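Visitor: After the structure tokens below, expect a handful of questions from me.
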Amino acid sequence: MTHYFTHRGIRYGLALVIATSVAGAATSGFSQNVPVPKPAPKTRDGGVQLSAQDSQKGPATTGATQAPPKAGAMQAPPNPFIPDPNRNVPANIFATFDANQKAQAARVSSYLSSLQTLVGNFVQVGPDGSKTKGDFVIQKPGKVRFEYDAPSQIAIVADGSSLAVRDKKLATQDIYPLSQTPLRFLLSDRIDLLKDTNVVSVTADDVFISVTIEEKQALIGTSRLMLMVGTKDGQLKQWTVTDPQGYDTTVAVYNLDTSKKVDPGLFKIDFTNYSVPPG
């Protein structure tokens, strides 16, 4: 489900796309512009429809292969792959996939289920091309923290049941049920994407395996989450959230560490020191 309301001129919605859009809007005055197309809104029945079989022929997620980092070396921020804003995927919950597509989806499911903690850096590209960076930490099930680099004062925290978007400068935070955001797919303890979600596209090339999940809400529209892992190393590379109006927010992750100990206090949501705007 996705909900929208207006707060200080910024459109908030209920999903990671909303949380990251809030952070991107808050830092847009200080962010770099990258040469990416601005996605145009898509109609619910517009664009070219691809069948599950057609999507295997030529994935819309081809990117340049990057040289693997040396052992122990810190990676430089990647250039996130920006999906074609004119792309479309089948909106058919009865879509069928061939054996190869099922195997690729199972590989992504197995990888996500194997993760217990994940620490790293991220680069976010908003619908307008604004680019921001920061750090993140995940502890499954259900806990995550995103901290945006200065001068942004935005933080996103999930404690296992709720997700808070904090603005330290304004001393405000907005609370959403974690169960109603795409983050739950990344934070689930165990997941079988083909069984537990509405997968509408599975594609693969030499760089990425991409799985697109679609969610429909009668009054709001359709939102999508595209998860992308590396074809060679099988590790999470990025995700793109598409809101019901067709605008994309992409988050690429790097310098990933699955062995680092995580402080449980990072995921505590303080409900007392922040005013919660009426909504």
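If you're wondering about the labels, chains in the structure tokens are A, B, ... by order shown, residues count from 1 in each chain, ligands from 1 in order shown.
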Would you mind listing, for every residue of segment 145-264 of chain A within 7 Å of segment 131-139 of chain A, the two atoms forming the shortest contact and the distance between them in Å to one decimal, using only C-alpha atoms, sorted by chain and ascending residue number, as a Markdown table?
Guide:
```
| residue | atom | partner | partner_atom | distance |
| --- | --- | --- | --- | --- |
| A:Arg145 | CA | A:Val137 | CA | 5.4 |
| A:Phe146 | CA | A:Phe136 | CA | 4.4 |
| A:Glu147 | CA | A:Asp135 | CA | 5.3 |
| A:Tyr148 | CA | A:Gly134 | CA | 4.2 |
| A:Asp149 | CA | A:Gly134 | CA | 4.8 |
```
Visitor: Excluding Asp159 of chain A and residues on its chain fewer than 3 positions from it, collect all residues at most 7 Å away from it, counting only C-alpha atoms, and give them as a list in words.
Guide: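 The residues that qualify are Gly142, Lys143, Ser162, Leu163, Phe267, Lys268 and Ile269 of chain A.
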Visitor: Mind writing the picked residues with all heavy atoms as a CSV table (one decimal), in the first residue's frame?
Guide:
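Heads up, here's the output in result.csv:
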```csv
chain,number,residue,atom,x,y,z
A,142,GLY,N,14.0,-6.9,9.6
A,142,GLY,CA,13.3,-5.7,9.8
A,142,GLY,C,14.0,-4.4,10.2
A,142,GLY,O,13.3,-3.4,10.4
A,143,LYS,N,15.3,-4.4,10.4
A,143,LYS,CA,16.0,-3.2,10.9
A,143,LYS,C,16.9,-2.6,9.9
A,143,LYS,O,17.7,-3.4,9.3
A,143,LYS,CB,16.7,-3.6,12.2
A,143,LYS,CG,15.8,-4.0,13.3
A,143,LYS,CD,16.5,-4.4,14.6
A,143,LYS,CE,15.6,-4.9,15.7
A,143,LYS,NZ,16.3,-5.3,16.9
A,162,SER,N,8.3,-0.4,12.5
A,162,SER,CA,8.0,1.0,12.0
A,162,SER,C,9.2,1.5,11.3
A,162,SER,O,10.3,1.1,11.5
A,162,SER,CB,7.6,1.9,13.2
A,162,SER,OG,6.5,1.5,13.8
A,163,LEU,N,8.9,2.4,10.3
A,163,LEU,CA,10.0,3.1,9.6
A,163,LEU,C,9.8,4.6,9.9
A,163,LEU,O,8.7,5.2,9.7
A,163,LEU,CB,9.9,2.8,8.1
A,163,LEU,CG,11.0,3.5,7.3
A,163,LEU,CD1,11.4,2.5,6.2
A,163,LEU,CD2,10.5,4.8,6.7
A,267,PHE,N,19.0,1.3,15.6
A,267,PHE,CA,17.7,1.1,15.1
A,267,PHE,C,16.6,1.5,16.0
A,267,PHE,O,15.4,1.3,15.7
A,267,PHE,CB,17.5,-0.4,14.7
A,267,PHE,CG,18.6,-1.0,13.9
A,267,PHE,CD1,19.5,-1.9,14.5
A,267,PHE,CD2,18.9,-0.6,12.6
A,267,PHE,CE1,20.5,-2.4,13.8
A,267,PHE,CE2,19.9,-1.1,11.9
A,267,PHE,CZ,20.8,-2.0,12.5
A,268,LYS,N,16.9,2.2,17.1
A,268,LYS,CA,15.9,2.7,18.0
A,268,LYS,C,15.2,4.0,17.4
A,268,LYS,O,15.9,4.9,17.0
A,268,LYS,CB,16.5,3.0,19.3
A,268,LYS,CG,15.5,3.5,20.4
A,268,LYS,CD,16.2,3.7,21.7
A,268,LYS,CE,15.2,4.2,22.8
A,268,LYS,NZ,15.8,4.5,24.1
A,269,ILE,N,13.9,4.0,17.4
A,269,ILE,CA,13.2,5.1,17.0
A,269,ILE,C,12.8,5.9,18.2
A,269,ILE,O,12.1,5.4,19.1
A,269,ILE,CB,11.9,4.8,16.2
A,269,ILE,CG1,12.3,4.1,14.9
A,269,ILE,CG2,11.1,6.0,15.9
A,269,ILE,CD1,11.2,3.6,14.0
```
Visitor: Which polymer residues have any atom within 7 Å of an atom of segment 237-239 of chain A, counting only C-alpha atoms, with same-chain residues fewer than 4 positions away left out, as a ChimeraX atom specification?
Guide: /A:225-230,250-253
Visitor: Using C-alpha atoms, can you export the residues from the last selection as a PDB file, in the first residue's frame?
Guide:
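Done, and the output landed in result27.pdb:
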```pdb
ATOM      1  CA  LEU A 225      10.632  -2.315  -6.916  1.00  0.00           C
ATOM      2  CA  MET A 226      13.489  -3.480  -9.157  1.00  0.00           C
ATOM      3  CA  LEU A 227      16.182  -5.418  -7.273  1.00  0.00           C
ATOM      4  CA  MET A 228      19.520  -5.822  -9.037  1.00  0.00           C
ATOM      5  CA  VAL A 229      22.356  -8.158  -8.027  1.00  0.00           C
ATOM      6  CA  GLY A 230      25.650  -8.770  -9.767  1.00  0.00           C
ATOM      7  CA  THR A 250      17.585   4.550  -7.543  1.00  0.00           C
ATOM      8  CA  VAL A 251      19.905   3.509  -4.695  1.00  0.00           C
ATOM      9  CA  ALA A 252      23.245   1.846  -5.510  1.00  0.00           C
ATOM     10  CA  VAL A 253      25.221   0.206  -2.682  1.00  0.00           C
TER      11      VAL A 253
END
```
Visitor: What is the distance, in Å and to one decimal place, between atom CA of Glu215 of chain A and atom CA of Tyr176 of chain A?
Guide: 16.9 Å
Visitor: Go through A:Ile175, A:Met74, A:Leu236, A:Val199 one by one, measure the shortest atom-to-atom distance of each to Ile156 of chain A using only C-alpha atoms, and give the residue with the smallest value.
Guide: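 The closest residue to Ile156 of chain A is A:Ile175.
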Visitor: Report the distance between atom CA of Ala105 of chain A and atom CA of Val211 of chain A in Å, rounded to one decimal place.
Guide: 6.7 Å
Visitor: To one decimal in Å, tell me the separation between atom CA of Phe208 of chain A and atom CA of Tyr247 of chain A.
Guide: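 Between these atoms lies a distance of 21.4 Å.
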Visitor: Which residues, written as a list of chain:residue names, have at least one atom at most 8 Å from Thr197 of chain A, with only C-alpha atoms counted and residues fewer than 4 positions away on the same chain left out?
Guide: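 Neighbouring residues, sequence-local ones excluded: A:Asp192, A:Leu193, A:Ile213, A:Glu214.
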Visitor: Residues of the last selection are to be written out with all heavy atoms, as a short mmCIF file (atom, residue, chain, number, x, y, z; two decimals), in the first residue's frame.
Guide:
```cif
data_model
loop_
_atom_site.label_atom_id
_atom_site.label_comp_id
_atom_site.auth_asym_id
_atom_site.auth_seq_id
_atom_site.Cartn_x
_atom_site.Cartn_y
_atom_site.Cartn_z
N ASP A 192 11.04 -15.95 -0.64
CA ASP A 192 11.02 -16.59 -1.95
C ASP A 192 10.27 -15.63 -2.85
O ASP A 192 9.04 -15.51 -2.77
CB ASP A 192 10.31 -17.95 -1.87
CG ASP A 192 10.32 -18.70 -3.19
OD1 ASP A 192 10.29 -18.05 -4.24
OD2 ASP A 192 10.34 -19.94 -3.16
N LEU A 193 11.00 -14.92 -3.68
CA LEU A 193 10.41 -13.82 -4.44
C LEU A 193 9.24 -14.28 -5.31
O LEU A 193 8.21 -13.59 -5.38
CB LEU A 193 11.48 -13.15 -5.31
CG LEU A 193 12.55 -12.38 -4.55
CD1 LEU A 193 13.68 -11.96 -5.49
CD2 LEU A 193 11.96 -11.17 -3.86
N ILE A 213 9.37 -6.34 -8.84
CA ILE A 213 8.19 -6.68 -8.05
C ILE A 213 7.17 -5.55 -8.21
O ILE A 213 7.53 -4.37 -8.16
CB ILE A 213 8.56 -6.83 -6.57
CG1 ILE A 213 9.60 -7.94 -6.39
CG2 ILE A 213 7.34 -7.11 -5.70
CD1 ILE A 213 10.27 -7.92 -5.03
N GLU A 214 5.93 -5.92 -8.38
CA GLU A 214 4.87 -4.92 -8.57
C GLU A 214 3.84 -5.02 -7.45
O GLU A 214 3.48 -6.11 -7.03
CB GLU A 214 4.19 -5.13 -9.92
CG GLU A 214 3.11 -4.10 -10.24
CD GLU A 214 2.54 -4.30 -11.63
OE1 GLU A 214 1.59 -5.10 -11.76
OE2 GLU A 214 3.05 -3.68 -12.57
#
```
Visitor: From the options A:Gln104, A:Thr249, A:Asn79, A:Thr172, which residue's atoms come nearest to Pro127 of chain A, counting only C-alpha atoms?
Guide: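 Distance minimum relative to Pro127 of chain A lands on A:Thr249.
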Visitor: Pick from A:Val157, A:Val119, A:Ala150, A:Val165: nearest to Lys260 of chain A, with only C-alpha atoms counted?
Guide: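 Selected residue with least distance to Lys260 of chain A: A:Val119.
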Visitor: Considering only C-alpha atoms, return as a list in words whatever protein or nucleic-acid residues lie within 10 Å of Lys232 of chain A, sequence-local ones (same chain, fewer than 6 positions apart) excluded.
Guide: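 Contacts, in chain order: Asp206, Val207, Phe208 and Ile209 of chain A.
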Visitor: A:Thr258, A:Asp243, A:Thr231, A:Lys168: which is nearest Ser210 of chain A, counting only C-alpha atoms?
Guide: A:Thr231
